[in-house]
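Source file: model21.txt (compact mmCIF, C-alpha atoms and all ligand atoms)
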```
# COMPACT_ATOMS: atom_id res chain seq x y z
CA MET A 840 -33.80 -12.71 39.02
CA ALA A 841 -33.97 -14.97 35.98
CA SER A 842 -35.03 -12.09 33.78
CA ALA A 843 -32.13 -9.95 35.05
CA MET A 844 -29.81 -12.75 33.99
CA VAL A 845 -31.41 -12.92 30.57
CA GLU A 846 -31.10 -9.16 30.27
CA ASP A 847 -27.40 -9.36 31.14
CA GLN A 848 -26.93 -12.04 28.51
CA ILE A 849 -28.68 -9.95 25.87
CA LYS A 850 -26.55 -6.95 26.83
CA MET A 851 -23.37 -9.00 26.61
CA SER A 852 -24.29 -10.53 23.26
CA LYS A 853 -24.86 -7.04 21.86
CA GLU A 854 -21.62 -5.84 23.44
CA THR A 855 -19.64 -8.71 21.91
CA ASN A 856 -21.07 -8.37 18.42
CA PRO A 857 -17.91 -7.20 16.59
CA PHE A 858 -19.85 -5.22 14.01
CA GLU A 859 -21.66 -3.28 16.74
CA SER A 860 -18.33 -2.69 18.48
CA MET A 861 -16.84 -1.31 15.28
CA MET A 862 -19.90 0.82 14.49
CA GLU A 863 -20.01 2.38 17.94
CA ARG A 864 -16.46 3.67 17.48
CA PHE A 865 -17.18 4.66 13.88
CA ASP A 866 -20.26 6.66 14.90
CA ARG A 867 -18.45 8.43 17.69
CA ALA A 868 -15.55 9.39 15.42
CA ALA A 869 -17.90 10.44 12.61
CA GLN A 870 -19.81 12.65 15.01
CA LEU A 871 -16.66 14.29 16.37
CA LEU A 872 -15.47 14.87 12.80
CA ASN A 873 -18.80 16.34 11.87
CA LEU A 874 -18.80 13.97 8.92
CA ASP A 875 -20.99 15.04 6.02
CA PRO A 876 -24.27 13.02 6.11
CA ASP A 877 -23.85 11.80 2.52
CA LEU A 878 -20.34 10.55 3.23
CA TYR A 879 -21.57 9.02 6.47
CA ALA A 880 -24.33 7.15 4.61
CA VAL A 881 -21.83 5.72 2.12
CA MET A 882 -18.99 4.95 4.52
CA ARG A 883 -21.02 3.19 7.19
CA VAL A 884 -21.87 0.28 4.88
CA PRO A 885 -19.63 -2.15 3.01
CA ASN A 886 -19.24 -1.83 -0.72
CA ARG A 887 -19.92 -5.47 -1.49
CA GLU A 888 -20.58 -8.75 0.35
CA LEU A 889 -20.13 -12.09 -1.33
CA LYS A 890 -21.45 -15.35 0.00
CA VAL A 891 -20.33 -18.56 -1.66
CA TYR A 892 -21.12 -22.23 -1.19
CA ILE A 893 -18.04 -24.39 -1.56
CA PRO A 894 -18.42 -28.08 -2.44
CA VAL A 895 -15.46 -30.15 -1.27
CA ARG A 896 -14.80 -33.83 -1.94
CA MET A 897 -13.84 -35.06 1.53
CA ASP A 898 -11.32 -37.88 2.06
CA SER A 899 -14.24 -40.18 2.87
CA GLY A 900 -15.40 -39.80 -0.73
CA ARG A 901 -18.49 -37.80 0.29
CA MET A 902 -19.21 -34.26 -0.77
CA GLN A 903 -19.49 -31.59 1.90
CA VAL A 904 -20.64 -28.05 1.15
CA PHE A 905 -19.04 -25.24 3.15
CA GLU A 906 -20.19 -21.64 3.44
CA GLY A 907 -17.75 -18.81 2.79
CA PHE A 908 -17.77 -15.03 2.69
CA ARG A 909 -15.75 -12.17 1.33
CA VAL A 910 -16.69 -8.67 2.38
CA GLN A 911 -15.19 -5.80 0.38
CA HIS A 912 -15.75 -2.88 2.65
CA ASN A 913 -14.22 0.08 0.87
CA PHE A 914 -12.27 0.88 -2.32
CA ALA A 915 -11.88 4.65 -1.98
CA ARG A 916 -8.11 4.47 -1.47
CA GLY A 917 -7.28 1.39 -3.56
CA PRO A 918 -7.95 -2.34 -3.88
CA ALA A 919 -9.64 -4.06 -0.95
CA LYS A 920 -7.07 -5.71 1.34
CA GLY A 921 -7.38 -8.17 4.17
CA GLY A 922 -7.05 -11.70 5.39
CA ILE A 923 -9.11 -14.86 5.13
CA ARG A 924 -9.96 -16.82 8.28
CA TYR A 925 -11.07 -20.40 8.63
CA ALA A 926 -13.05 -21.21 11.80
CA PRO A 927 -16.20 -23.08 12.85
CA ASP A 928 -17.77 -19.95 14.34
CA VAL A 929 -17.10 -17.42 11.57
CA THR A 930 -20.15 -15.24 10.85
CA ILE A 931 -20.88 -12.65 8.20
CA GLU A 932 -21.21 -10.02 10.96
CA GLU A 933 -17.71 -10.81 12.18
CA VAL A 934 -16.26 -10.73 8.66
CA ARG A 935 -18.06 -7.44 7.99
CA ALA A 936 -16.51 -5.89 11.11
CA LEU A 937 -13.07 -7.25 10.27
CA ALA A 938 -13.37 -5.88 6.70
CA ALA A 939 -14.22 -2.42 8.04
CA TRP A 940 -11.31 -2.61 10.49
CA MET A 941 -9.03 -3.29 7.50
CA THR A 942 -10.26 -0.09 5.81
CA TRP A 943 -9.46 1.96 8.91
CA LYS A 944 -6.19 0.11 9.54
CA CYS A 945 -4.88 0.72 6.00
CA ALA A 946 -5.84 4.38 6.33
CA VAL A 947 -4.12 4.75 9.73
CA VAL A 948 -0.80 3.51 8.30
CA ASN A 949 -1.53 5.35 5.06
CA VAL A 950 -1.11 2.46 2.62
CA PRO A 951 -3.08 2.74 -0.64
CA PHE A 952 -5.64 0.04 0.05
CA GLY A 953 -9.25 -0.23 1.05
CA GLY A 954 -10.47 -2.98 3.36
CA GLY A 955 -11.76 -6.49 2.92
CA LYS A 956 -11.96 -9.76 4.79
CA GLY A 957 -12.89 -13.35 4.04
CA GLY A 958 -14.09 -16.22 6.15
CA VAL A 959 -15.01 -19.85 5.65
CA ILE A 960 -17.06 -21.76 8.21
CA CYS A 961 -15.02 -24.92 8.73
CA ASP A 962 -12.95 -26.63 11.38
CA PRO A 963 -9.42 -26.77 9.97
CA GLN A 964 -8.20 -28.87 12.94
CA GLN A 965 -10.51 -31.67 11.81
CA MET A 966 -9.58 -31.49 8.12
CA SER A 967 -6.75 -33.17 6.21
CA ILE A 968 -4.29 -31.13 4.18
CA GLY A 969 -5.92 -32.42 0.98
CA GLU A 970 -9.37 -31.33 2.14
CA LEU A 971 -8.01 -27.90 3.06
CA GLU A 972 -6.36 -27.55 -0.35
CA ARG A 973 -9.58 -28.45 -2.19
CA LEU A 974 -11.62 -26.10 0.01
CA THR A 975 -9.17 -23.26 -0.58
CA ARG A 976 -8.97 -23.74 -4.34
CA ARG A 977 -12.73 -23.90 -4.81
CA TYR A 978 -13.25 -20.87 -2.54
CA ALA A 979 -10.66 -18.98 -4.64
CA ALA A 980 -12.36 -20.13 -7.87
CA GLU A 981 -15.72 -18.84 -6.59
CA LEU A 982 -14.15 -15.44 -5.90
CA ILE A 983 -12.17 -15.30 -9.13
CA ASP A 984 -14.00 -12.35 -10.71
CA PHE A 985 -13.80 -10.32 -7.56
CA ILE A 986 -10.18 -10.70 -6.44
CA GLY A 987 -6.98 -9.62 -8.21
CA PRO A 988 -4.02 -7.26 -7.74
CA GLU A 989 -6.15 -4.25 -8.69
CA LYS A 990 -9.38 -5.45 -7.08
CA ASP A 991 -8.99 -7.25 -3.79
CA VAL A 992 -5.82 -8.81 -2.37
CA PRO A 993 -6.36 -11.49 0.32
CA ALA A 994 -3.78 -12.50 2.94
CA PRO A 995 -3.55 -14.96 5.85
CA ASP A 996 -5.59 -14.54 9.01
CA MET A 997 -6.67 -17.00 11.74
CA ASN A 998 -6.02 -20.63 10.68
CA THR A 999 -4.70 -19.74 7.24
CA ASN A 1000 -1.04 -19.39 6.30
CA GLU A 1001 1.57 -19.17 3.55
CA GLN A 1002 0.45 -22.51 2.11
CA THR A 1003 -3.15 -21.31 1.86
CA MET A 1004 -1.93 -18.22 -0.02
CA ALA A 1005 0.19 -20.35 -2.38
CA TRP A 1006 -2.92 -22.40 -3.29
CA ILE A 1007 -4.96 -19.25 -3.93
CA MET A 1008 -2.17 -17.73 -6.03
CA ASP A 1009 -1.90 -20.92 -8.07
CA THR A 1010 -5.66 -21.32 -8.57
CA TYR A 1011 -6.01 -17.70 -9.68
CA SER A 1012 -2.98 -18.06 -11.98
CA MET A 1013 -4.34 -21.25 -13.58
CA HIS A 1014 -7.51 -19.40 -14.52
CA ALA A 1015 -5.61 -16.30 -15.69
CA ARG A 1016 -3.27 -18.57 -17.72
CA HIS A 1017 -0.21 -16.82 -16.32
CA THR A 1018 1.37 -16.42 -12.91
CA VAL A 1019 -0.13 -13.55 -10.93
CA THR A 1020 1.86 -13.28 -7.71
CA ALA A 1021 0.28 -9.99 -6.56
CA VAL A 1022 -3.21 -11.50 -6.14
CA VAL A 1023 -2.42 -12.43 -2.52
CA THR A 1024 0.18 -11.48 0.08
CA GLY A 1025 1.70 -13.55 2.83
CA LYS A 1026 2.97 -16.08 0.27
CA PRO A 1027 6.05 -18.26 0.72
CA ILE A 1028 9.16 -16.18 -0.08
CA ASP A 1029 10.20 -18.34 -3.06
CA ILE A 1030 6.98 -17.67 -4.96
CA GLY A 1031 6.69 -13.93 -4.54
CA GLY A 1032 6.44 -13.51 -0.78
CA SER A 1033 8.30 -10.77 1.05
CA ALA A 1034 11.15 -11.21 3.45
CA GLY A 1035 9.90 -10.27 6.91
CA ARG A 1036 6.18 -10.69 6.14
CA ARG A 1037 5.72 -13.63 8.51
CA GLU A 1038 7.14 -11.66 11.44
CA ALA A 1039 5.67 -8.31 10.37
CA THR A 1040 2.67 -8.10 12.71
CA GLY A 1041 4.78 -9.07 15.74
CA ARG A 1042 7.55 -6.71 14.68
CA GLY A 1043 5.08 -3.88 14.17
CA LEU A 1044 3.81 -4.48 17.71
CA LEU A 1045 7.37 -4.27 19.04
CA PHE A 1046 7.91 -0.93 17.29
CA VAL A 1047 4.77 0.68 18.71
CA ILE A 1048 5.39 -0.76 22.20
CA ASN A 1049 8.91 0.72 22.06
CA GLU A 1050 7.34 4.12 21.41
CA ALA A 1051 4.64 3.74 24.06
CA ILE A 1052 6.96 2.80 26.94
CA LYS A 1053 9.06 5.91 26.31
CA ARG A 1054 6.00 7.88 27.44
CA PHE A 1055 6.27 6.14 30.81
CA LYS A 1056 10.06 6.56 30.95
CA MET A 1057 10.42 2.80 30.97
CA ALA A 1058 13.04 0.68 29.20
CA PRO A 1059 12.63 -2.93 28.01
CA PRO A 1060 14.48 -4.68 30.89
CA ASN A 1061 12.11 -3.24 33.51
CA THR A 1062 8.99 -3.64 31.38
CA ARG A 1063 6.86 -6.67 32.22
CA VAL A 1064 4.80 -7.96 29.33
CA VAL A 1065 1.85 -10.35 29.30
CA VAL A 1066 0.89 -11.90 25.96
CA GLN A 1067 -2.39 -13.67 25.27
CA GLY A 1068 -1.95 -15.94 22.26
CA SER A 1069 1.04 -17.65 20.72
CA GLY A 1070 0.27 -17.76 17.02
CA ASN A 1071 1.62 -15.60 14.25
CA VAL A 1072 1.00 -12.41 16.25
CA GLY A 1073 1.39 -13.41 19.93
CA GLY A 1074 4.09 -16.05 19.49
CA ILE A 1075 6.29 -14.06 17.15
CA GLY A 1076 5.52 -10.83 19.04
CA ALA A 1077 6.61 -12.41 22.34
CA GLN A 1078 9.77 -13.76 20.74
CA LEU A 1079 10.73 -10.36 19.30
CA LEU A 1080 9.90 -8.56 22.56
CA HIS A 1081 12.06 -11.08 24.43
CA GLU A 1082 14.94 -10.54 21.97
CA ALA A 1083 14.58 -6.79 22.45
CA GLY A 1084 15.13 -7.26 26.20
CA TYR A 1085 11.54 -7.09 27.47
CA LYS A 1086 10.56 -9.30 30.39
CA VAL A 1087 7.71 -11.47 29.13
CA ILE A 1088 6.11 -12.82 32.31
CA ALA A 1089 3.12 -14.68 30.87
CA ILE A 1090 2.01 -16.21 27.58
CA SER A 1091 -0.84 -18.49 26.57
CA ASP A 1092 -2.26 -20.58 23.80
CA ILE A 1093 -5.88 -21.52 23.23
CA ASN A 1094 -5.84 -23.98 26.16
CA GLY A 1095 -4.36 -21.68 28.81
CA GLY A 1096 -1.24 -19.88 29.87
CA ILE A 1097 1.97 -19.95 31.87
CA TYR A 1098 3.21 -17.31 34.30
CA ASN A 1099 6.49 -16.53 35.97
CA PRO A 1100 6.90 -13.10 37.60
CA ASN A 1101 10.66 -13.32 37.01
CA GLY A 1102 10.22 -13.71 33.26
CA ILE A 1103 9.85 -16.66 30.90
CA ASP A 1104 12.53 -17.91 28.52
CA ILE A 1105 10.32 -17.34 25.47
CA PRO A 1106 12.44 -19.13 22.82
CA ASN A 1107 12.49 -22.16 25.11
CA ALA A 1108 8.76 -22.03 25.88
CA MET A 1109 7.91 -21.60 22.20
CA ALA A 1110 10.14 -24.54 21.26
CA HIS A 1111 8.25 -26.58 23.89
CA LEU A 1112 4.93 -25.46 22.42
CA ARG A 1113 6.02 -26.43 18.91
CA ALA A 1114 7.25 -29.82 20.08
CA THR A 1115 4.34 -30.81 22.35
CA ARG A 1116 1.57 -28.55 20.93
CA SER A 1117 0.90 -27.33 24.45
CA PHE A 1118 2.39 -25.35 27.35
CA GLU A 1119 0.98 -27.93 29.76
CA GLU A 1120 4.17 -29.77 30.72
CA TYR A 1121 6.37 -26.69 30.65
CA GLU A 1122 8.33 -26.47 33.90
CA GLY A 1123 9.17 -23.69 36.33
CA VAL A 1124 6.00 -21.68 35.79
CA GLU A 1125 2.53 -21.25 37.26
CA ARG A 1126 -0.49 -22.13 35.16
CA VAL A 1127 -3.17 -19.55 34.47
CA SER A 1128 -6.38 -19.56 32.51
CA ASN A 1129 -6.73 -17.20 29.56
CA GLU A 1130 -9.21 -15.12 31.58
CA ASP A 1131 -6.90 -14.80 34.59
CA LEU A 1132 -3.87 -14.08 32.43
CA LEU A 1133 -5.46 -10.81 31.32
CA GLU A 1134 -5.70 -9.69 34.94
CA ILE A 1135 -2.03 -10.21 35.84
CA GLU A 1136 -0.35 -7.02 36.99
CA CYS A 1137 2.06 -5.93 34.27
CA ASP A 1138 3.30 -2.95 32.30
CA VAL A 1139 2.24 -4.00 28.81
CA LEU A 1140 -0.67 -6.30 28.07
CA VAL A 1141 -0.84 -7.73 24.55
CA PRO A 1142 -4.11 -9.49 23.74
CA ALA A 1143 -3.11 -11.28 20.54
CA ALA A 1144 -5.70 -14.01 20.25
CA THR A 1145 -9.20 -13.09 19.24
CA GLU A 1146 -12.10 -10.67 19.68
CA ASN A 1147 -13.98 -9.67 22.87
CA GLN A 1148 -11.37 -10.59 25.47
CA ILE A 1149 -11.69 -7.32 27.41
CA ARG A 1150 -15.31 -6.50 28.15
CA SER A 1151 -17.39 -4.44 30.57
CA ASP A 1152 -17.33 -7.41 32.98
CA ASN A 1153 -13.54 -7.75 33.31
CA ALA A 1154 -12.09 -4.40 32.15
CA LYS A 1155 -11.97 -3.01 35.68
CA ARG A 1156 -9.60 -5.83 36.71
CA ILE A 1157 -7.04 -5.16 33.96
CA LYS A 1158 -3.82 -3.94 35.59
CA CYS A 1159 -1.46 -2.72 32.88
CA LYS A 1160 -0.07 0.68 31.89
CA VAL A 1161 -0.13 0.02 28.16
CA LEU A 1162 -2.61 -2.11 26.24
CA ALA A 1163 -1.20 -3.11 22.84
CA GLU A 1164 -3.89 -4.80 20.81
CA GLY A 1165 -2.29 -7.50 18.67
CA ALA A 1166 -5.64 -9.10 17.83
CA ASN A 1167 -8.44 -7.44 15.89
CA GLY A 1168 -11.21 -6.24 18.19
CA PRO A 1169 -9.95 -7.70 21.51
CA THR A 1170 -11.68 -4.89 23.45
CA THR A 1171 -15.40 -4.16 23.29
CA ALA A 1172 -16.65 -0.61 22.90
CA ALA A 1173 -18.23 -0.77 26.36
CA ALA A 1174 -14.84 -1.60 27.89
CA ASP A 1175 -13.15 1.42 26.26
CA LYS A 1176 -14.53 3.86 28.80
CA ILE A 1177 -13.47 1.72 31.77
CA LEU A 1178 -9.90 1.45 30.46
CA HIS A 1179 -9.85 5.17 29.79
CA ASP A 1180 -11.02 5.97 33.34
CA LYS A 1181 -8.27 3.71 34.68
CA GLY A 1182 -5.73 5.77 32.72
CA ILE A 1183 -4.55 2.85 30.60
CA PHE A 1184 -2.70 3.93 27.46
CA VAL A 1185 -4.29 2.01 24.57
CA ILE A 1186 -2.51 1.28 21.31
CA PRO A 1187 -5.64 0.37 19.34
CA ASP A 1188 -5.75 -2.69 17.09
CA ILE A 1189 -6.00 -0.68 13.87
CA LEU A 1190 -2.58 0.76 14.71
CA ALA A 1191 -0.94 -1.90 16.89
CA ASN A 1192 -1.39 -4.82 14.52
CA ALA A 1193 -0.99 -2.89 11.27
CA GLY A 1194 2.55 -4.19 10.72
CA GLY A 1195 1.16 -7.22 8.88
CA VAL A 1196 -0.75 -5.28 6.27
CA THR A 1197 2.08 -2.78 5.95
CA VAL A 1198 4.49 -5.51 4.86
CA SER A 1199 1.66 -6.98 2.75
CA TYR A 1200 1.71 -3.65 0.94
CA PHE A 1201 5.49 -4.00 0.52
CA GLU A 1202 4.96 -7.53 -0.83
CA TRP A 1203 2.36 -6.32 -3.36
CA VAL A 1204 4.74 -3.55 -4.47
CA GLN A 1205 7.65 -6.00 -4.83
CA ASP A 1206 5.50 -8.47 -6.80
CA ARG A 1207 4.42 -5.76 -9.20
CA MET A 1208 8.01 -4.59 -9.67
CA GLY A 1209 9.40 -8.10 -9.80
CA TYR A 1210 12.24 -6.82 -7.62
CA PHE A 1211 12.65 -8.03 -4.06
CA TRP A 1212 14.07 -6.21 -1.08
CA LYS A 1213 16.40 -7.52 1.61
CA GLU A 1214 14.85 -8.21 5.01
CA ASN A 1215 16.64 -5.31 6.69
CA VAL A 1216 15.17 -2.93 4.10
CA VAL A 1217 11.66 -4.32 4.75
CA ASN A 1218 12.11 -4.03 8.53
CA GLU A 1219 13.46 -0.49 8.35
CA ARG A 1220 10.59 0.65 6.15
CA LEU A 1221 8.14 -1.07 8.49
CA GLN A 1222 9.67 0.74 11.44
CA ASP A 1223 9.35 4.08 9.64
CA VAL A 1224 5.65 3.45 8.96
CA MET A 1225 4.82 2.19 12.46
CA VAL A 1226 6.65 4.97 14.30
CA ALA A 1227 5.18 7.67 12.05
CA SER A 1228 1.66 6.24 12.43
CA PHE A 1229 2.03 5.95 16.21
CA ASN A 1230 3.09 9.61 16.36
CA ASP A 1231 0.26 10.65 14.01
CA VAL A 1232 -2.32 8.98 16.29
CA VAL A 1233 -0.86 10.35 19.53
CA LYS A 1234 -0.61 13.85 18.07
CA TYR A 1235 -4.18 13.64 16.79
CA ALA A 1236 -5.38 12.51 20.23
CA ASP A 1237 -3.59 15.41 21.94
CA GLN A 1238 -4.80 17.98 19.41
CA HIS A 1239 -8.44 16.91 19.61
CA GLY A 1240 -8.52 15.95 23.30
CA VAL A 1241 -9.69 12.39 22.60
CA ASP A 1242 -8.39 8.94 23.56
CA THR A 1243 -6.03 7.15 21.21
CA ARG A 1244 -8.64 4.73 19.85
CA THR A 1245 -11.00 7.54 18.93
CA ALA A 1246 -8.04 9.41 17.44
CA ALA A 1247 -7.08 6.43 15.26
CA TYR A 1248 -10.65 6.10 13.99
CA MET A 1249 -10.94 9.84 13.38
CA LEU A 1250 -7.66 9.94 11.50
CA ALA A 1251 -8.65 6.94 9.36
CA ILE A 1252 -12.21 8.08 8.66
CA ASP A 1253 -10.99 11.57 7.81
CA ARG A 1254 -8.53 10.16 5.25
CA VAL A 1255 -11.12 7.86 3.65
CA ALA A 1256 -13.71 10.68 3.65
CA TYR A 1257 -11.26 13.11 2.05
CA ASP A 1258 -10.44 10.66 -0.76
CA THR A 1259 -14.10 9.76 -1.27
CA ARG A 1260 -15.03 13.41 -1.53
CA MET A 1261 -12.23 14.04 -4.03
CA ARG A 1262 -13.28 11.11 -6.22
CA GLY A 1263 -16.94 12.04 -5.86
CA ILE A 1264 -19.74 9.59 -5.23
CA TYR A 1265 -20.95 7.92 -8.45
CA ALA A 1266 -24.64 8.01 -7.55
N1 LIG B 1 -4.97 -10.61 8.57
C1 LIG B 1 -4.07 -9.53 8.83
C2 LIG B 1 -4.80 -8.38 9.51
O1 LIG B 1 -5.84 -8.57 10.13
C3 LIG B 1 -3.27 -9.10 7.62
C4 LIG B 1 -4.05 -8.58 6.46
C5 LIG B 1 -3.23 -8.34 5.21
O2 LIG B 1 -2.02 -8.44 5.26
O3 LIG B 1 -3.84 -8.04 4.20
O4 LIG B 1 -4.35 -7.28 9.52
```
In structure tokens, how does this file's structure come out?
Ligand code: GLU
Amino acid sequence: MASAMVEDQIKMSKETNPFESMMERFDRAAQLLNLDPDLYAVMRVPNRELKVYIPVRMDSGRMQVFEGFRVQHNFARGPAKGGIRYAPDVTIEEVRALAAWMTWKCAVVNVPFGGGKGGVICDPQQMSIGELERLTRRYAAELIDFIGPEKDVPAPDMNTNEQTMAWIMDTYSMHARHTVTAVVTGKPIDIGGSAGRREATGRGLLFVINEAIKRFKMAPPNTRVVVQGSGNVGGIGAQLLHEAGYKVIAISDINGGIYNPNGIDIPNAMAHLRATRSFEEYEGVERVSNEDLLEIECDVLVPAATENQIRSDNAKRIKCKVLAEGANGPTTAAADKILHDKGIFVIPDILANAGGVTVSYFEWVQDRMGYFWKENVVNERLQDVMVASFNDVVKYADQHGVDTRTAAYMLAIDRVAYDTRMRGIYA
């Protein structure tokens, strides 16, 4: 009995290792594509992994040394691109998976970037703004030879934001002795950021959900949406879905969620969350845990929090028609088959949440031109990219008789493989 439990735990820890999850999908797609063994050998590993130790003078006067990573997964199609996350449980394995996902994501939406990701092991909730600034600047200084508009372009991710990007841009610029706005994206608008970047991931989600519900002959007013997470992706996504007429019936933050089958007034609930930092006192709703929220019957489920939310142990209880993955890696590879057997239409993360990096690409272009576009232009171009990419993935899935996640991976891997083959491998 005890050993069966241990076995289950081992199985689950393998299942929830994000790198394994990514590789399982990669291997399957590579096999279906009949990927050349040399290309396979090169593409299955990251190009470069950096590990840095970051000394920070804490407010107490003591020095604390933090550990940070930057994984540059692939450069075949352009500079590495991807966010930086700050969290106590960041691991190199997680960052490696996230970097690979960026490579595939950029290829799915066909922007000229490779993939990268950074992470620093720290607890930003426990740190002062001054400590966070010093941490960020020293981390940027450690990476100085490896980042840059033509090399690797970081962006925000979990627990980092426009301010973090402004500090990185400034630190890099101080060393370069001139202002280099295009070294990061997701900056404040006044210092080279793009209109619409903050909302881009949520807006991209809205565009692909709009396409997906057409397949079910549904329209926003009769489409019930459940959103896990209320940060930059979930919070803004829920707000935009609400504005577009969708009925958002549940939403959560890290501490739990709220549910009302008749729909939640999202602007009001979000204002409450901003004011009280919690949904706890919000009235006229039922409370649900983050686990239970995923199992609410709905039309569209949007996991927009973190990895490994839908696993082999809860996938069979998911009751949605469309799964739109706002987070990176919210579904484990083992859960894919269960969702597929249930007939759930999956908009995989590398497509569903690609709106952020798409507008990051627009920001990088605008910085390099020194000419900035109006928000409606950004949003229209984002819509074009998201709708075209959605159709590319669905068409690919139909043509090859595979599910949409496999199709997205195949499409991405095929594009990266094609470009790698054209460039040739410098070996
Ligand atoms: N962190 C975001 C993501 O996972 C955005 C990355 C970027 O804009 O470079 O897609």
Go through A:Val891, A:Asp1223, A:Lys944, A:Gly1043 one by one, measure the shortest atom-to-atom distance of each to A:Ile1075 using all atoms listed in the file, and give the residue with the smallest value. A:Gly1043
Stretch 899-911 of chain A surroundings by all atoms listed in the file, 7 Å radius, close-in-sequence under 2 positions cut, as a ChimeraX atom specification: /A:885-897,913,919,931,934-935,938,954-961
Residues of chain A within 7 Å of ligand LIG 1 (chain B): nearest atom pair and distance (Å, one decimal) for each, counting all atoms listed in the file, sorted by chain and number, as CSV?
```
residue,atom,partner,partner_atom,distance
A:Lys920,CA,B:LIG1,O3,4.9
A:Gly921,CA,B:LIG1,O3,3.5
A:Gly922,CA,B:LIG1,N1,4.0
A:Ile923,CA,B:LIG1,N1,6.9
A:Met941,CA,B:LIG1,O4,6.5
A:Val992,CA,B:LIG1,O3,6.9
A:Pro993,CA,B:LIG1,O3,5.8
A:Ala994,CA,B:LIG1,O3,4.6
A:Pro995,CA,B:LIG1,N1,5.3
A:Asp996,CA,B:LIG1,N1,4.0
A:Thr1024,CA,B:LIG1,O2,6.4
A:Gly1025,CA,B:LIG1,O2,6.8
A:Asn1167,CA,B:LIG1,O1,6.4
A:Asn1192,CA,B:LIG1,O4,6.3
A:Ala1193,CA,B:LIG1,O4,5.8
A:Gly1195,CA,B:LIG1,O2,5.0
A:Val1196,CA,B:LIG1,O2,3.6
A:Ser1199,CA,B:LIG1,O2,4.7
```
Which residues are close to stretch 868-874 of chain A, i.e. within 8 Å by only C-alpha atoms, leaving aside same-chain residues fewer than 5 positions away? Reply as a list in words.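 Returned residues: Tyr879, Thr1245, Ala1246, Tyr1248, Met1249, Ile1252 and Asp1253 of chain A.
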Quick one: pull the distance between atom CA of A:Met1225 and atom CA of A:Ala1191, Å, one decimal.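 Calculated distance between atom CA of A:Met1225 and atom CA of A:Ala1191 is 8.3 Å.
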Separation of atom CA of A:Val1022 from atom CA of A:Met1008, in Å and rounded to one decimal: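 Pair atom CA of A:Val1022 / atom CA of A:Met1008 returns 6.3 Å.
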A:Asn1099, A:Asn1107, A:Thr1062, A:Ser860 ranked by distance to A:Lys1086, top pick (using only C-alpha atoms):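 Under the stated criterion, the closest residue is A:Thr1062.
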Who sits within 6 Å of stretch 945-949 of chain A, all atoms listed in the file, same chain under 2 positions skipped, as a PyMOL selection string: chain A and resi 941-943+1228+1251
Counting all atoms listed in the file, the option among A:Asp866, A:Asp928, A:Asp898, A:Asp1175 closest to A:Ala880: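 Checking each candidate against A:Ala880, we get A:Asp866 as the closest.
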Kindly give the distance, in Å, that separates atom CA of A:Thr1020 and atom CA of A:Asn998, rounded to a single decimal. 21.3 Å
List as a PyMOL selection string: which residues have an atom within 9 Å of (2.8, -16.0, 14.4), counting only C-alpha atoms? chain A and resi 1037-1038+1040-1041+1069-1076
Can you list, as a list in words, every protein, DNA or RNA residue that comes within 9 Å of A:Pro1142 when you count all atoms listed in the file, leaving out same-chain residues fewer than 5 positions away?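 Final neighbour list, sorted by chain and number: Val1065, Val1066, Gln1067, Gly1068, Gly1073, Leu1133, Gln1148, Ile1149, Leu1162, Ala1163, Glu1164, Gly1165, Ala1166, Pro1169 and Thr1170 of chain A.
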My list of candidates is A:Asp1104, A:Glu859, A:Glu933, A:Asp875. Which is closest to A:Val1124 when distances are computed with only C-alpha atoms? A:Asp1104
With distances taken over all atoms listed in the file, which residue among A:Pro963, A:Phe1118, A:Glu1136, A:Asp1131 lies nearest A:Asn1153?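 Checking each of A:Pro963, A:Phe1118, A:Glu1136, A:Asp1131 against A:Asn1153, counting all atoms listed in the file, the winner is A:Asp1131.
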Tell me which protein, DNA and RNA residues are within 8 Å of A:Arg1063, counting only C-alpha atoms, leaving out same-chain ones fewer than 6 positions away, and put them as a compact mmCIF listing (two decimals) with C-alpha atoms, keeping the file's coordinate frame.
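Ended up saving to selection00.txt:
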```txt
# COMPACT_ATOMS: atom_id res chain seq x y z
CA TYR A 1085 11.54 -7.09 27.47
CA LYS A 1086 10.56 -9.30 30.39
CA VAL A 1087 7.71 -11.47 29.13
CA ILE A 1088 6.11 -12.82 32.31
CA GLY A 1102 10.22 -13.71 33.26
CA CYS A 1137 2.06 -5.93 34.27
CA ASP A 1138 3.30 -2.95 32.30
CA VAL A 1139 2.24 -4.00 28.81
```
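Among A:Thr1243, A:Gln1205, A:Ser1117, A:Asn1101, the residue with the shortest atom-to-atom distance to A:Val1161, counting all atoms listed in the file, is A:Thr1243.
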Stretch 1188-1192 of chain A from the block above: N, CA and C atoms written as a tab-separated table (two decimals), in the first residue's frame:
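Result went into part32.tsv, see below:
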```tsv
chain	number	residue	atom	x	y	z
A	1188	ASP	N	-1.40	26.24	-25.34
A	1188	ASP	CA	-0.68	27.42	-24.83
A	1188	ASP	C	0.18	28.13	-25.87
A	1189	ILE	N	0.92	27.36	-26.67
A	1189	ILE	CA	1.85	28.01	-27.61
A	1189	ILE	C	1.12	28.77	-28.71
A	1190	LEU	N	-0.20	28.60	-28.78
A	1190	LEU	CA	-1.02	29.43	-29.66
A	1190	LEU	C	-1.85	30.41	-28.81
A	1191	ALA	N	-2.54	29.88	-27.80
A	1191	ALA	CA	-3.52	30.68	-27.07
A	1191	ALA	C	-2.90	31.90	-26.38
A	1192	ASN	N	-1.69	31.73	-25.84
A	1192	ASN	CA	-1.13	32.88	-25.11
A	1192	ASN	C	-0.05	33.61	-25.90
```
